[in-house]
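**Student:** Let me begin by handing over the structure; questions about it come next.
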Amino acid sequence: MEQQTWHAHSEAECLAGLETSLDGLSQAEVDRRRELHGLNLLHDGNKVSLLTVFFNQFRDFMTLVLIAATLISGLLGEYTDAITIVAIVFLNGILGFVQEVRAERSLKALKELTAPVAKVRRGGAVVEVSAKELVPGDIVLLEDGDRVPADGRIVRARSLEVEESALTGESVPVMKDPRVRVAADSPLADRRNMVYMGTMVTRGRAEYAVTAIGMQTEMGKIADLIDQSEDQETPLQKRLDQLGKTLVWISLGITVLVVVAGVMHGHALYEMFLAGVSLAVAAIPEGLPAIVTIALALGVQRMIKRNAIVRRLPSVETLGCATVICSDKTGTLTQNKMTVTQMYADGLYVDVTGSGHQLHGEFVANGRRIEPGRRAALKSLVEIAAVCNQAHLEAGADGATAQTVKGDPTEIALLVLAHKAGFARPDSVYERVDERPFDADRKMMSVLVRSGEDWFSFVKGAPDVLLERCTHVLLGNREEPLGQTLRKEIASANDQMASRALRNLGFAYRRFRSSEEARQSDWESELVFVGICGMIDPPRDEAKSAIAKAKSAGIRTVMITGDHQATATAIAKQLDILPPGGRVLTGADLERVDDKRLSNLVRDTYVYARVTPEHKLRIVRALQANHEVVAMTGDGVNDAPAIKQADIGIAMGQSGTDVAKEASSLILADDNYATIVAAVEEGRAIYDNIKKFIRYLLASNVGEILTMFLAMLAGWPLPLTPIQILWVNLVTDGLPAIALGVDAPEDDIMSRPPRNVHEGIFARGMAVKILSRGVLIGLATLAVFAWSLHQGAELAHAQTMAYATLTMAQLILVFDSRSLEGGILRRNPLENIWLLLAVLSSVALFACTMYVPRMAEVFHTTPLGLGDWAMVLVAAAVPSFALSVRRMGRNRLHKFQQRSGSDAAA
């Protein structure tokens, strides 16, 4: 039989197929099979040496250009410039190396989920061996608290429950039964006769035959998917790569043109070559990679304050163009804490408020608050729920929330219910004498208790099964015979609650006349039916508003879960994820469609239920094939491959597994879906700030280039010396550009649609803004230079005037660059105190090159008087203020025309 279909066969058929028995394998057979199948280990994938990873950081095109600029600067004697560029390149290499090494920890974390040892039966004797020594056919023994060491088919079990949420997304432990037969094509979460590596036994005992080890296990398949998933290059990385290539060709062309034009007008070849190379270096903003890194790092610090921890810097800006958030349900959109939300007793539906482990809540029936302790049926239901229970709960110091919880999530929910009803100490009322644990055959649990001289059995279980064992029902204070009419009424209530995706449990009791009768009778027969509790893993309180905010920002939320379709659909409707006409697909549906068909289906599908890790990966890839920018959130091992494949992977910090965290780009420290929206806002702000300083740097560089180029074409002397150009480009520009990286977001940042992932850096009129500012800066600088020469000033003084005009024009331009759509007059220049300090620092550094004698000598400058400064400042202000005033006039005219049109229509 095929490895994938062990769950579709009986225990005997599986033992025969594995050529083993309940006594286990002999040591000789174990050795033979180990030679054939290898060790029960997860592979590390293709390992790359750390040295190779480090040197790979310097293969980027922009980095190679910067290295070339370093060599040129060094040859020209500009050692400060060369050292600066080397430091930038090395810093970027170190950052990239650290991030890549951290990314490879996901497989290591996954391996840590495997069990270290296992109890096996070999040759009829039980022995403890290292889990890596298991082979197919081994008979493994499991008990409460064990981690499953390999995949296998259960052959014996007693009250076995296994917590599989990290693998399947199922929010509660799964009850296992070796006698269950399931279809060969059933999803992983429905294979109740199987256990899987890395999952945890929460209750009971079992023996199972190992069917798969190592990379053949379901956990191994996930490890392989993680290894195959490719890290996505972010839009910013693509844009900067394109920008770097463009600027290289521009710089080479400028170098040639300036040198040729200068030589043709009689300048020395060496002098012109030096000037041409200085401009070429200026055309490439050497500080751009460092400033991008700094802006991202500063944004990361702001995100940490909002509980979003970034693991990969470049991925931050990807949030700004995210169009789809694929969210796991359990623990992400929901609390991963089962909660009783409705009760049915005495013919009354009672809603219970307070979610998760909150110990306070209200009981509401027919719109009115009631006290459950004053109604016999509700009081009995709560008492049975608290006493027929194996969980443990301790209230926190404030008494409002459970601090310590141990046990099955369903039973914890029942204890929380008891606290809300004021029945926090069941042991003070009832003494537990004996118990019968939950069993898959009976589908119920019962306890024998006494209270003074009274003896009772308290029973809980599946409502339909429990109802068959009841002869009476508690109505008011009386035990009434349970006729067909009442049975149908209770069954209808059970169906109605189940239709709301509630997980229902029924409760009943039997009263005994004496201890002898209690010990000799069947506790679970002749019962009095009390009521039903309906529970669900509730949505997070803040999730609905966060999803609405994401929607207003043009981002679609999609739920992907391993839970049942009904449960997923109910939660999706509560959170307004599923719109009218929205599609819901299951894992079985996905199996029936190919990738091309899936690419069409994902356009209007909002909920995916009962899916496997492979399905999640296919969904992410299908969305990406439709040019969606996908953020994938999750917390389990089963989410890790899709998290890594997504454009930005987001893991839960509190409930998330190490595997999910290591595969992610972003971790939510508070497991709060609303934090994603905050992260999106920060991501958009960071990208805006990056565009702001790219605009600022390039406009400044255009001004520098145009100043030199037009002067050469006109046959004028050099308006700037090479060292002045480099000083302006590296020092005067640098500090303000960095300060732009901490600029506050503009007011409309979350009302814009996500930007197109293919949108270039120069989109939305960016190129026009860069060129217009740059041209005006260049013309203003040349005008001051020409005026100074015309006034008979010495060349050094005229060059100083041009140097001062260019510097001040760029420092004024930085305030104009704070608004991508507006101008210098749109935003208060005092809002960004860091920018103000940066500009003042740049002014001080510039003044040193003019008024400190030793530096003035190096920079070939002369001191300027008040009249000179008046001319410089007026000329420097023209490029930014002229265009801003023009834009303000155009905007006012547009608004006037709109009002006029409205008045005319009226």
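A note on labels: chains of the structure tokens are A, B, ... as shown, every chain counts residues from 1, and ligands are counted from 1 in their shown order.
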List every residue of range 136-253 of chain A that DSSP, applied to the backbone of this structure, assigns to alpha helix (DSSP H), and report them as an MDAnalysis selection string.
**Tutor:** chainID A and resid 165:168 218:228 235:253
**Student:** Do you know which residues are at most 12 Å from Asp495 in chain A counting only C-alpha atoms, after dropping those on the same chain fewer than 5 positions away, and could you put them as a list in words?
**Tutor:**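 Near neighbours after the sequence-gap exclusion: Tyr344, Pro463, Asp464, Lys488, Glu489, Ile490, Arg500, Ala501, Leu502, Arg503, Asn504, Leu505, Ile532 and Gly534 of chain A.
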**Student:** Do a neighbour search on Thr612 in chain A at 8 Å with only C-alpha atoms, toss out local chain neighbours closer than 2 positions, and write the hits as a VMD selection string.
**Tutor:** chain A and resid 168 187 to 188 562 587 610 614 to 616 638
**Student:** Neighbouring residues of range 871-878 of chain A were defined as those with any atom within 6 Å, considering only C-alpha atoms; residues of the same chain fewer than 2 positions away were excluded. Please report them as a PyMOL selection string.
**Tutor:** chain A and resi 780+805+808-809+868-869+880-882
**Student:** Identify, with DSSP run on backbone atoms, the residues in range 199-432 of chain A assigned to strand (DSSP E), and express the list as an MDAnalysis selection string.
**Tutor:** chainID A and resid 200:212 308:310 324:328 339:345 348:352 363:365 368:370 392:395 402:406 431:432
**Student:** I'd like the contact shell of range 774-778 of chain A - 6 Å cut-off, only C-alpha atoms, skipping same-chain residues fewer than 6 positions apart - returned as a ChimeraX atom specification.
**Tutor:** /A:699-700,702-703,706-707,879
**Student:** Those residues you just picked out, can you put them in a file as an mmCIF file, in the first residue's frame with C-alpha atoms?
**Tutor:**
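Final output, part-v2.cif:
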data_model
loop_
_atom_site.group_PDB
_atom_site.id
_atom_site.type_symbol
_atom_site.label_atom_id
_atom_site.label_comp_id
_atom_site.auth_asym_id
_atom_site.auth_seq_id
_atom_site.Cartn_x
_atom_site.Cartn_y
_atom_site.Cartn_z
ATOM 1 C CA ALA A 699 17.580 66.966 -7.471
ATOM 2 C CA SER A 700 20.670 68.235 -5.655
ATOM 3 C CA VAL A 702 21.148 67.380 -11.029
ATOM 4 C CA GLY A 703 21.821 70.924 -9.835
ATOM 5 C CA LEU A 706 23.968 71.118 -14.619
ATOM 6 C CA THR A 707 26.082 73.836 -13.014
ATOM 7 C CA PRO A 879 13.963 77.086 -6.847
#
**Student:** Compare A:Ala640, A:Ile94, A:Leu160, A:Val602 by their minimum atom-to-atom distance to Phe55 in chain A, counting only C-alpha atoms, and give me the closest one.
**Tutor:**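 Ranked by minimum distance to Phe55 in chain A, first place goes to A:Ile94.
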**Student:** Just the residues within 10 Å of Val433 in chain A, please, counting only C-alpha atoms, with nothing from its chain fewer than 3 positions along; format it as a list in words.
**Tutor:**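 Returned residues: Tyr430, Val447, Leu448, Val449, Arg450, Trp455, Phe456, Ser457 and Arg519 of chain A.
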**Student:** Please determine, counting only C-alpha atoms, which residue among A:Arg156, A:Arg375, A:His860, A:His758 has the shortest atom-to-atom distance to Tyr208 in chain A.
**Tutor:**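 Distance minimum relative to Tyr208 in chain A lands on A:Arg156.
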**Student:** Fewer than 5 positions away in the same chain doesn't count, so skip those; otherwise give me all residues within 10 Å of Arg695 in chain A, counting only C-alpha atoms, as a list in words.
**Tutor:**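 That gives Asn689, Ile690, Ser700, Asn701, Ala737, Ile761, Phe762, Met766, Ala767, Lys769, Ile770, Leu771, Arg773, Gly774, Leu813, Val814, Ser817, Arg818 and Leu820 of chain A.
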**Student:** Separation of CA of Gly152 in chain A and CA of Pro136 in chain A, in Å?
**Tutor:**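 About the pair CA of Gly152 in chain A and CA of Pro136 in chain A: they are 8.5 Å apart.
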